[in-house]
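Shown below: query_0.pdb, with PDB, C-alpha atoms and all ligand atoms.
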```pdb
ATOM      1  CA  MET A  62       0.000   0.000   0.000
ATOM      2  CA  ILE A  63       1.116   3.551  -0.799
ATOM      3  CA  THR A  64      -0.292   6.214   1.517
ATOM      4  CA  THR A  65      -0.244   9.907   0.709
ATOM      5  CA  ILE A  66      -0.857  12.964   2.869
ATOM      6  CA  GLY A  67      -1.983  16.138   1.161
ATOM      7  CA  ALA A  68      -4.712  18.411  -0.068
ATOM      8  CA  GLY A  69      -5.995  20.237  -3.082
ATOM      9  CA  VAL A  70      -4.290  20.625  -6.418
ATOM     10  CA  GLY A  71      -0.769  19.534  -5.416
ATOM     11  CA  ALA A  72      -2.009  16.287  -3.933
ATOM     12  CA  ALA A  73      -4.389  15.626  -6.802
ATOM     13  CA  ARG A  74      -1.664  16.039  -9.429
ATOM     14  CA  LEU A  75       0.809  13.776  -7.623
ATOM     15  CA  LEU A  76      -1.958  11.223  -7.043
ATOM     16  CA  SER A  77      -2.816  11.202 -10.742
ATOM     17  CA  GLY A  78       0.841  10.434 -11.447
ATOM     18  CA  LEU A  79       0.889   7.804  -8.710
ATOM     19  CA  MET A  80      -2.132   6.113 -10.251
ATOM     20  CA  LEU A  81      -0.147   5.708 -13.476
ATOM     21  CA  ALA A  82       2.666   4.086 -11.470
ATOM     22  CA  ARG A  83       0.703   1.829  -9.128
ATOM     23  CA  PRO A  84      -2.662   0.032  -9.160
ATOM     24  CA  PRO A  85      -5.179   2.529  -7.696
ATOM     25  CA  GLU A  86      -6.513  -0.059  -5.255
ATOM     26  CA  GLU A  87      -3.065   0.001  -3.598
ATOM     27  CA  ILE A  88      -3.284   3.755  -2.918
ATOM     28  CA  THR A  89      -4.771   5.503   0.110
ATOM     29  CA  ALA A  90      -4.944   9.305   0.070
ATOM     30  CA  VAL A  91      -5.316  10.980   3.477
ATOM     31  CA  VAL A  92      -6.760  14.414   2.754
ATOM     32  CA  ASN A  93      -6.946  17.665   4.732
ATOM     33  CA  THR A  94     -10.363  18.771   5.989
ATOM     34  CA  GLY A  95      -9.214  21.970   7.727
ATOM     35  CA  ASP A  96     -10.562  23.988   4.766
ATOM     36  CA  ASP A  97     -14.051  22.564   5.257
ATOM     37  CA  LEU A  98     -16.945  24.926   5.889
ATOM     38  CA  VAL A  99     -20.694  25.013   6.333
ATOM     39  CA  LEU A 100     -22.329  27.562   4.013
ATOM     40  CA  HIS A 101     -26.061  27.787   3.102
ATOM     41  CA  GLY A 102     -26.364  24.996   5.651
ATOM     42  CA  LEU A 103     -24.297  22.750   3.360
ATOM     43  CA  ALA A 104     -21.246  20.722   4.460
ATOM     44  CA  ILE A 105     -18.475  21.584   1.983
ATOM     45  CA  SER A 106     -15.121  19.769   1.847
ATOM     46  CA  PRO A 107     -13.011  21.560  -0.780
ATOM     47  CA  ASP A 108      -9.865  19.421  -0.596
ATOM     48  CA  LEU A 109     -11.762  16.122  -0.673
ATOM     49  CA  ASP A 110     -13.750  17.391  -3.667
ATOM     50  CA  THR A 111     -10.682  18.739  -5.502
ATOM     51  CA  VAL A 112      -8.932  15.372  -5.163
ATOM     52  CA  THR A 113     -12.094  13.506  -6.229
ATOM     53  CA  TYR A 114     -12.925  15.726  -9.189
ATOM     54  CA  THR A 115      -9.321  15.861 -10.431
ATOM     55  CA  LEU A 116      -8.781  12.100 -10.270
ATOM     56  CA  ALA A 117     -12.159  11.607 -11.958
ATOM     57  CA  GLY A 118     -10.994  13.896 -14.775
ATOM     58  CA  ALA A 119     -13.921  16.216 -14.063
ATOM     59  CA  VAL A 120     -12.220  19.164 -12.356
ATOM     60  CA  ASN A 121     -12.387  22.680 -13.792
ATOM     61  CA  ALA A 122      -8.869  22.841 -15.252
ATOM     62  CA  GLU A 123      -8.609  26.642 -15.141
ATOM     63  CA  THR A 124      -9.366  26.995 -11.434
ATOM     64  CA  GLY A 125      -8.249  23.602 -10.121
ATOM     65  CA  TRP A 126     -11.461  23.342  -8.096
ATOM     66  CA  GLY A 127     -15.127  22.739  -8.881
ATOM     67  CA  LEU A 128     -16.398  20.938 -11.949
ATOM     68  CA  THR A 129     -15.687  21.447 -15.610
ATOM     69  CA  GLY A 130     -18.573  22.624 -17.779
ATOM     70  CA  GLU A 131     -20.126  24.226 -14.733
ATOM     71  CA  THR A 132     -23.159  26.571 -14.793
ATOM     72  CA  TRP A 133     -23.916  29.197 -12.161
ATOM     73  CA  ARG A 134     -27.733  29.538 -12.227
ATOM     74  CA  ALA A 135     -28.129  28.923  -8.495
ATOM     75  CA  MET A 136     -25.518  31.576  -7.676
ATOM     76  CA  GLN A 137     -27.200  34.030 -10.050
ATOM     77  CA  ALA A 138     -30.589  33.325  -8.464
ATOM     78  CA  LEU A 139     -29.035  33.770  -5.021
ATOM     79  CA  ASP A 140     -27.696  37.184  -6.006
ATOM     80  CA  ARG A 141     -31.299  38.343  -6.404
ATOM     81  CA  TYR A 142     -31.668  37.945  -2.606
ATOM     82  CA  GLY A 143     -28.244  39.353  -1.795
ATOM     83  CA  GLY A 144     -27.286  35.892  -0.587
ATOM     84  CA  GLN A 145     -23.721  34.668  -0.009
ATOM     85  CA  THR A 146     -22.187  34.146  -3.423
ATOM     86  CA  TRP A 147     -18.568  35.033  -2.570
ATOM     87  CA  PHE A 148     -17.800  31.308  -2.335
ATOM     88  CA  ARG A 149     -18.757  30.163  -5.827
ATOM     89  CA  LEU A 150     -20.798  26.962  -5.804
ATOM     90  CA  GLY A 151     -21.608  25.754  -9.316
ATOM     91  CA  ASP A 152     -24.901  24.016 -10.098
ATOM     92  CA  LEU A 153     -23.225  20.617 -10.594
ATOM     93  CA  ASP A 154     -20.906  21.064  -7.589
ATOM     94  CA  LEU A 155     -23.950  21.821  -5.448
ATOM     95  CA  ALA A 156     -25.116  18.238  -5.906
ATOM     96  CA  THR A 157     -22.018  17.026  -4.060
ATOM     97  CA  HIS A 158     -22.694  19.335  -1.127
ATOM     98  CA  LEU A 159     -26.411  18.505  -1.080
ATOM     99  CA  TYR A 160     -25.649  14.782  -1.056
ATOM    100  CA  ARG A 161     -22.897  15.037   1.569
ATOM    101  CA  THR A 162     -25.084  17.179   3.838
ATOM    102  CA  GLN A 163     -28.071  14.850   3.538
ATOM    103  CA  ARG A 164     -25.962  11.757   4.276
ATOM    104  CA  LEU A 165     -24.269  13.402   7.278
ATOM    105  CA  SER A 166     -27.708  14.376   8.596
ATOM    106  CA  GLU A 167     -28.672  10.671   8.333
ATOM    107  CA  GLY A 168     -25.738   9.839  10.624
ATOM    108  CA  ALA A 169     -23.186   8.775   8.012
ATOM    109  CA  THR A 170     -19.583   9.732   8.745
ATOM    110  CA  LEU A 171     -17.503  11.919   6.433
ATOM    111  CA  THR A 172     -15.402   8.812   5.705
ATOM    112  CA  GLU A 173     -18.496   6.871   4.607
ATOM    113  CA  VAL A 174     -19.860   9.695   2.485
ATOM    114  CA  THR A 175     -16.457  10.276   0.877
ATOM    115  CA  ALA A 176     -16.316   6.591  -0.090
ATOM    116  CA  GLU A 177     -19.811   6.857  -1.629
ATOM    117  CA  ILE A 178     -18.849   9.974  -3.592
ATOM    118  CA  THR A 179     -15.481   8.657  -4.847
ATOM    119  CA  THR A 180     -17.127   5.350  -5.827
ATOM    120  CA  ALA A 181     -19.838   7.255  -7.706
ATOM    121  CA  TRP A 182     -17.045   8.999  -9.651
ATOM    122  CA  GLY A 183     -15.511   5.611 -10.485
ATOM    123  CA  LEU A 184     -12.375   6.072  -8.380
ATOM    124  CA  GLU A 185     -10.654   2.879  -7.185
ATOM    125  CA  LEU A 186      -8.129   4.423  -4.784
ATOM    126  CA  ARG A 187      -9.225   5.037  -1.195
ATOM    127  CA  VAL A 188      -9.705   8.687  -0.244
ATOM    128  CA  LEU A 189      -9.862   9.261   3.513
ATOM    129  CA  PRO A 190     -10.536  12.511   5.328
ATOM    130  CA  MET A 191      -7.893  13.077   7.996
ATOM    131  CA  SER A 192     -10.693  12.919  10.591
ATOM    132  CA  ASP A 193     -14.470  12.521  10.826
ATOM    133  CA  ASP A 194     -14.404  15.168  13.556
ATOM    134  CA  PRO A 195     -14.507  18.874  12.675
ATOM    135  CA  VAL A 196     -11.131  20.621  12.401
ATOM    136  CA  ARG A 197     -11.053  24.229  11.145
ATOM    137  CA  THR A 198      -7.925  26.062  10.022
ATOM    138  CA  MET A 199      -8.046  29.552  11.521
ATOM    139  CA  LEU A 200      -5.612  32.324  10.540
ATOM    140  CA  THR A 201      -4.756  35.453  12.505
ATOM    141  CA  VAL A 202      -4.525  38.577  10.347
ATOM    142  CA  GLU A 203      -4.418  42.257  11.297
ATOM    143  CA  GLU A 204      -8.169  42.454  12.082
ATOM    144  CA  GLY A 205      -8.078  39.249  14.123
ATOM    145  CA  GLU A 206      -8.777  35.589  13.496
ATOM    146  CA  ILE A 207     -10.557  34.530  10.303
ATOM    147  CA  SER A 208     -11.570  31.221   8.762
ATOM    148  CA  PHE A 209      -9.562  29.603   6.020
ATOM    149  CA  GLN A 210     -12.015  30.324   3.200
ATOM    150  CA  ASP A 211     -12.377  33.921   4.357
ATOM    151  CA  TYR A 212      -8.590  34.184   4.026
ATOM    152  CA  PHE A 213      -8.189  32.154   0.857
ATOM    153  CA  VAL A 214     -11.268  33.221  -1.150
ATOM    154  CA  ALA A 215     -12.884  36.324   0.324
ATOM    155  CA  ARG A 216      -9.537  38.070   0.813
ATOM    156  CA  ARG A 217      -7.770  36.173  -2.003
ATOM    157  CA  HIS A 218      -5.024  35.294   0.526
ATOM    158  CA  GLY A 219      -3.790  38.866   0.038
ATOM    159  CA  VAL A 220      -3.355  39.685   3.730
ATOM    160  CA  ALA A 221      -0.388  38.975   6.019
ATOM    161  CA  VAL A 222      -0.838  36.124   8.493
ATOM    162  CA  SER A 223       0.756  36.140  11.940
ATOM    163  CA  ALA A 224      -0.553  32.823  13.315
ATOM    164  CA  VAL A 225      -2.375  29.682  12.234
ATOM    165  CA  ARG A 226      -4.222  27.208  14.421
ATOM    166  CA  PHE A 227      -6.392  24.165  13.813
ATOM    167  CA  GLN A 228      -9.544  24.539  15.848
ATOM    168  CA  GLY A 229     -10.841  21.205  17.125
ATOM    169  CA  ALA A 230      -7.657  19.287  16.274
ATOM    170  CA  GLU A 231      -6.934  18.328  19.898
ATOM    171  CA  GLN A 232     -10.318  16.584  20.184
ATOM    172  CA  ALA A 233     -10.217  15.094  16.692
ATOM    173  CA  ARG A 234      -9.502  11.417  16.065
ATOM    174  CA  PRO A 235      -7.883  10.090  12.883
ATOM    175  CA  ALA A 236     -10.583   8.802  10.534
ATOM    176  CA  PRO A 237     -10.970   5.009  10.533
ATOM    177  CA  GLY A 238      -8.199   3.431   8.479
ATOM    178  CA  VAL A 239      -5.836   6.416   8.556
ATOM    179  CA  LEU A 240      -3.396   5.139  11.202
ATOM    180  CA  GLU A 241      -3.470   1.649   9.715
ATOM    181  CA  ALA A 242      -2.801   3.046   6.215
ATOM    182  CA  LEU A 243       0.243   4.885   7.589
ATOM    183  CA  ALA A 244       1.507   1.888   9.587
ATOM    184  CA  ARG A 245       1.094  -0.594   6.721
ATOM    185  CA  ALA A 246       2.313   1.612   3.869
ATOM    186  CA  GLU A 247       5.387   0.464   1.963
ATOM    187  CA  ALA A 248       5.817   4.187   1.254
ATOM    188  CA  ILE A 249       4.274   7.372   2.656
ATOM    189  CA  LEU A 250       4.338  10.380   0.338
ATOM    190  CA  ILE A 251       3.849  13.911   1.654
ATOM    191  CA  CYS A 252       2.355  15.676  -1.378
ATOM    192  CA  PRO A 253       3.513  19.068  -2.734
ATOM    193  CA  SER A 254       0.748  20.851  -0.830
ATOM    194  CA  ASN A 255       1.007  23.921   1.355
ATOM    195  CA  PRO A 256       3.021  22.849   4.440
ATOM    196  CA  ILE A 257       1.252  25.386   6.690
ATOM    197  CA  VAL A 258      -2.436  25.027   5.788
ATOM    198  CA  SER A 259      -2.651  21.685   3.949
ATOM    199  CA  ILE A 260      -0.092  19.349   5.534
ATOM    200  CA  ALA A 261       0.115  20.761   9.069
ATOM    201  CA  PRO A 262      -3.635  20.355   9.819
ATOM    202  CA  VAL A 263      -3.406  16.649   8.942
ATOM    203  CA  LEU A 264      -0.377  16.263  11.232
ATOM    204  CA  ALA A 265      -2.233  18.126  13.984
ATOM    205  CA  VAL A 266      -4.772  15.305  14.371
ATOM    206  CA  PRO A 267      -3.494  13.364  17.421
ATOM    207  CA  GLY A 268      -1.691  10.186  16.437
ATOM    208  CA  ILE A 269      -0.938  11.091  12.828
ATOM    209  CA  THR A 270       2.446  12.795  13.349
ATOM    210  CA  GLU A 271       3.600   9.845  15.473
ATOM    211  CA  ALA A 272       2.398   7.391  12.831
ATOM    212  CA  VAL A 273       4.387   9.186  10.132
ATOM    213  CA  THR A 274       7.596   9.660  12.171
ATOM    214  CA  ALA A 275       7.482   5.959  13.023
ATOM    215  CA  ARG A 276       7.832   5.326   9.267
ATOM    216  CA  ARG A 277      10.329   8.131   8.598
ATOM    217  CA  GLU A 278      12.681   5.875   6.606
ATOM    218  CA  ASN A 279       9.894   5.107   4.131
ATOM    219  CA  THR A 280       8.453   8.596   4.062
ATOM    220  CA  VAL A 281       9.309  11.050   1.289
ATOM    221  CA  ALA A 282       8.089  14.621   0.902
ATOM    222  CA  VAL A 283       7.788  16.427  -2.416
ATOM    223  CA  SER A 284       8.642  20.105  -2.095
ATOM    224  CA  PRO A 285       5.705  22.470  -2.767
ATOM    225  CA  LEU A 286       8.191  25.214  -3.596
ATOM    226  CA  VAL A 287      10.341  25.465  -6.710
ATOM    227  CA  ALA A 288      13.009  28.169  -6.673
ATOM    228  CA  GLY A 289      11.436  29.664  -3.577
ATOM    229  CA  THR A 290       7.941  30.053  -4.959
ATOM    230  CA  ALA A 291       4.798  27.982  -4.632
ATOM    231  CA  LEU A 292       3.466  26.498  -7.845
ATOM    232  CA  LYS A 293      -0.032  27.483  -6.743
ATOM    233  CA  GLY A 294      -1.388  29.384  -3.747
ATOM    234  CA  PRO A 295       0.281  31.248  -0.890
ATOM    235  CA  ALA A 296       2.699  28.595   0.504
ATOM    236  CA  ASP A 297       5.806  30.726  -0.022
ATOM    237  CA  ARG A 298       4.264  33.835   1.559
ATOM    238  CA  LEU A 299       2.766  31.908   4.502
ATOM    239  CA  LEU A 300       6.120  30.249   5.239
ATOM    240  CA  ALA A 301       7.876  33.625   5.283
ATOM    241  CA  GLU A 302       5.130  35.367   7.284
ATOM    242  CA  LEU A 303       5.291  32.650   9.943
ATOM    243  CA  GLY A 304       9.073  32.916  10.282
ATOM    244  CA  HIS A 305      10.176  30.027   8.107
ATOM    245  CA  GLU A 306      12.542  30.268   5.148
ATOM    246  CA  ALA A 307      10.511  30.207   1.929
ATOM    247  CA  SER A 308      12.789  27.723   0.207
ATOM    248  CA  VAL A 309      13.387  23.983  -0.020
ATOM    249  CA  VAL A 310      15.665  24.453   3.021
ATOM    250  CA  GLY A 311      12.787  25.940   5.012
ATOM    251  CA  VAL A 312      10.583  23.047   3.908
ATOM    252  CA  ALA A 313      13.311  20.566   4.919
ATOM    253  CA  ARG A 314      13.500  22.177   8.365
ATOM    254  CA  LEU A 315       9.762  21.551   8.781
ATOM    255  CA  TYR A 316       9.725  18.027   7.350
ATOM    256  CA  ALA A 317      13.038  16.593   8.648
ATOM    257  CA  PRO A 318      11.387  14.930  11.688
ATOM    258  CA  LEU A 319       8.808  13.272   9.431
ATOM    259  CA  ALA A 320      10.541  12.177   6.240
ATOM    260  CA  ALA A 321      13.944  10.804   5.280
ATOM    261  CA  ALA A 322      14.009  12.474   1.867
ATOM    262  CA  LEU A 323      12.814  15.639   0.176
ATOM    263  CA  VAL A 324      12.235  15.697  -3.580
ATOM    264  CA  ILE A 325      13.380  19.027  -5.008
ATOM    265  CA  ASP A 326      13.309  20.424  -8.536
ATOM    266  CA  PRO A 327      16.594  20.861 -10.490
ATOM    267  CA  ALA A 328      16.057  24.623 -10.085
ATOM    268  CA  ASP A 329      16.970  24.064  -6.431
ATOM    269  CA  ALA A 330      19.904  21.697  -7.036
ATOM    270  CA  ALA A 331      22.322  24.254  -5.552
ATOM    271  CA  LEU A 332      20.419  23.947  -2.236
ATOM    272  CA  ALA A 333      20.684  20.138  -2.070
ATOM    273  CA  GLY A 334      23.603  20.372   0.389
ATOM    274  CA  ALA A 335      21.664  22.724   2.655
ATOM    275  CA  VAL A 336      18.656  20.358   2.545
ATOM    276  CA  GLU A 337      20.879  17.447   3.514
ATOM    277  CA  ALA A 338      22.369  19.557   6.339
ATOM    278  CA  GLU A 339      18.812  19.595   7.762
ATOM    279  CA  GLY A 340      18.937  15.789   7.961
ATOM    280  CA  MET A 341      16.970  14.861   4.828
ATOM    281  CA  ARG A 342      18.281  13.253   1.665
ATOM    282  CA  ALA A 343      17.786  15.609  -1.274
ATOM    283  CA  VAL A 344      16.386  13.876  -4.354
ATOM    284  CA  ILE A 345      16.549  16.056  -7.449
ATOM    285  CA  VAL A 346      13.631  15.385  -9.814
ATOM    286  CA  PRO A 347      11.688  17.750 -12.114
ATOM    287  CA  SER A 348       8.790  18.658  -9.805
ATOM    288  CA  ILE A 349       6.559  20.684 -12.075
ATOM    289  CA  MET A 350       3.758  18.287 -13.031
ATOM    290  CA  SER A 351       2.943  19.855 -16.376
ATOM    291  CA  SER A 352       1.743  16.564 -17.845
ATOM    292  CA  PRO A 353       0.506  13.166 -16.639
ATOM    293  CA  GLU A 354       3.871  11.731 -17.715
ATOM    294  CA  ALA A 355       5.729  14.321 -15.607
ATOM    295  CA  ALA A 356       3.475  13.486 -12.647
ATOM    296  CA  ARG A 357       4.125   9.772 -13.139
ATOM    297  CA  ARG A 358       7.893  10.294 -13.258
ATOM    298  CA  LEU A 359       7.754  12.401 -10.096
ATOM    299  CA  ALA A 360       5.644   9.780  -8.311
ATOM    300  CA  GLU A 361       7.991   6.973  -9.398
ATOM    301  CA  ALA A 362      11.030   8.934  -8.165
ATOM    302  CA  ALA A 363       9.351   9.617  -4.824
ATOM    303  CA  LEU A 364       8.458   5.933  -4.439
ATOM    304  CA  ALA A 365      12.038   4.921  -5.272
ATOM    305  CA  ALA A 366      13.354   7.401  -2.704
ATOM    306  CA  ALA A 367      10.987   5.850  -0.146
ATOM    307  CA  GLY A 368      12.571   2.480  -0.829
ATOM    308  CA  SER A 369       9.473   1.134  -2.487
ATOM    309  CA  PRO A 370      10.345  -1.451  -5.142
ATOM    310  CA  GLU A 371       9.782  -0.600  -8.784
ATOM    311  CA  ALA A 372       6.221  -1.010 -10.006
ATOM    312  CA  ALA A 373       5.625  -4.670 -10.793
ATOM    313  CA  GLY A 374       5.542  -5.124 -14.575
TER     314      GLY A 374
HETATM  315  N1  LIG B 401     -11.632  29.133  -4.560
HETATM  316  C1  LIG B 401     -11.739  30.445  -4.941
HETATM  317  O1  LIG B 401     -10.718  31.106  -5.086
HETATM  318  N2  LIG B 401     -12.966  31.017  -5.142
HETATM  319  C2  LIG B 401     -14.116  30.345  -4.989
HETATM  320  O2  LIG B 401     -15.208  30.905  -5.178
HETATM  321  C3  LIG B 401     -14.039  28.953  -4.619
HETATM  322  C4  LIG B 401     -15.180  28.158  -4.482
HETATM  323  C5  LIG B 401     -15.029  26.788  -4.207
HETATM  324  C6  LIG B 401     -16.141  25.945  -4.152
HETATM  325  C7  LIG B 401     -16.000  24.589  -3.887
HETATM  326  C8  LIG B 401     -14.726  24.057  -3.674
HETATM  327  O3  LIG B 401     -14.578  22.730  -3.436
HETATM  328  C9  LIG B 401     -13.589  24.873  -3.728
HETATM  329  C10 LIG B 401     -13.742  26.238  -3.987
HETATM  330  N3  LIG B 401     -12.626  27.087  -4.071
HETATM  331  C11 LIG B 401     -12.753  28.403  -4.414
HETATM  332  C12 LIG B 401     -11.280  26.579  -3.818
HETATM  333  C13 LIG B 401     -11.022  26.409  -2.344
HETATM  334  O4  LIG B 401     -11.049  27.590  -1.640
HETATM  335  C14 LIG B 401      -9.656  25.710  -2.258
HETATM  336  O5  LIG B 401      -9.784  24.573  -3.067
HETATM  337  C15 LIG B 401      -9.199  25.090  -0.965
HETATM  338  O6  LIG B 401      -9.959  25.307   0.086
HETATM  339  C16 LIG B 401      -7.739  25.458  -0.824
HETATM  340  O7  LIG B 401      -6.999  24.513  -1.525
END
```
Take the structure from the file and write it as structure tokens.
Amino acid sequence: MITTIGAGVGAARLLSGLMLARPPEEITAVVNTGDDLVLHGLAISPDLDTVTYTLAGAVNAETGWGLTGETWRAMQALDRYGGQTWFRLGDLDLATHLYRTQRLSEGATLTEVTAEITTAWGLELRVLPMSDDPVRTMLTVEEGEISFQDYFVARRHGVAVSAVRFQGAEQARPAPGVLEALARAEAILICPSNPIVSIAPVLAVPGITEAVTARRENTVAVSPLVAGTALKGPADRLLAELGHEASVVGVARLYAPLAAALVIDPADAALAGAVEAEGMRAVIVPSIMSSPEAARRLAEAALAAAGSPEAAG
């Protein structure tokens, strides 16, 4: 079994490469739920949906979230009332939130509903939320503490952040199967997601950090930064604002306790020595997943670095 930790676009792209390298039924993706929100009374799980839609080949390619071929009639109708349309929910995407909310109200867990949704999209890998309990990423900005989607969407992550916390993490339990997937994995891959708001919330769920560090020799992280900048989103700025170095060295400092190796892009080859000085092997592989083939090569290299044998056949 290969187990990945991640969220959003970075995780989805690496997973699509991984699925070209390994049978999907051997893959378990543990996904961040700190971005989740309730809006219009609907339970919305952006990172779970981005992974699902991307791996199903149905994601809106321009935005990296939501569904391709989307229409916005419900949002337009909501504007008539002055309703909340800042968080864009397309007509097709709404079905996912309606279904998830109905099933949760019937007592299903987020894990169960996620399995129903991924199965409905024809996915064979297992997608697990990090927890079935609510965890909310909260960010402190000048005016005070705001929710993740307020930061990321309403303010277009254009404000400086001085602190991040994961509300509810202390009481949260890993979703069923998460700890086992980490303990049994032949390789654990930390996806090129935002270390501060996509990877850290997963690690904040009690038990998960310990489960990963116990497998450090078979754990490999793929840097979310290339040449000091994030491929998508505010990872570089958040790292700097929270006092970390916005480089592969800063990422290595964060991940050294968890993973034996860090995959970095050739653009950062000159920093390989500094990464290794942080206690991680530096593995230099083109990290920009501009095609399925590039994603597959990156996944294969990460698996090799984790000591996982070549794909059978
Ligand atoms: N991101 C935006 O920048 N604007 C939006 O209106 C927006 C709506 C949205 C709806 C459903 C969904 O699953 C994701 C959505 N996202 C939107 C992206 C979302 O904020 C991010 O995917 C994650 O939370 C961060 O990776």
Could you tell me, as a PyMOL selection string, exactly which residues end up selected when the PyMOL selection byres (((not hetatm)) within 9 of (chain B and resi 401)) is applied to this structure?
chain A and resi 68-71+94-97+105-111+124-128+146-151+154-155+158+209-211+213-215+217+254-255+258-259+294
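Each of A:Asp194, A:Val281, A:His101, A:Ile207 was compared to Gly144 of chain A using only C-alpha atoms, and A:His101 turns out to be the nearest.
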Atom CA of Ser284 of chain A and atom CA of Ser348 of chain A, how far apart in Å?
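Separating atom CA of Ser348 of chain A from atom CA of Ser284 of chain A is a distance of 7.8 Å.
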So that all listed atoms of segment 106-115 of chain A fit with 8 Å spare on each side, what axis-aligned box centre and edge lengths in Å, to one decimal, would you give as lines of an AutoDock Vina configuration file?
```
center_x = -12.0
center_y = 17.5
center_z = -4.3
size_x = 22.2
size_y = 24.1
size_z = 28.3
```
Interatomic distance between atom CA of Val324 of chain A and atom CA of Val344 of chain A?
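The value is 4.6 Å.
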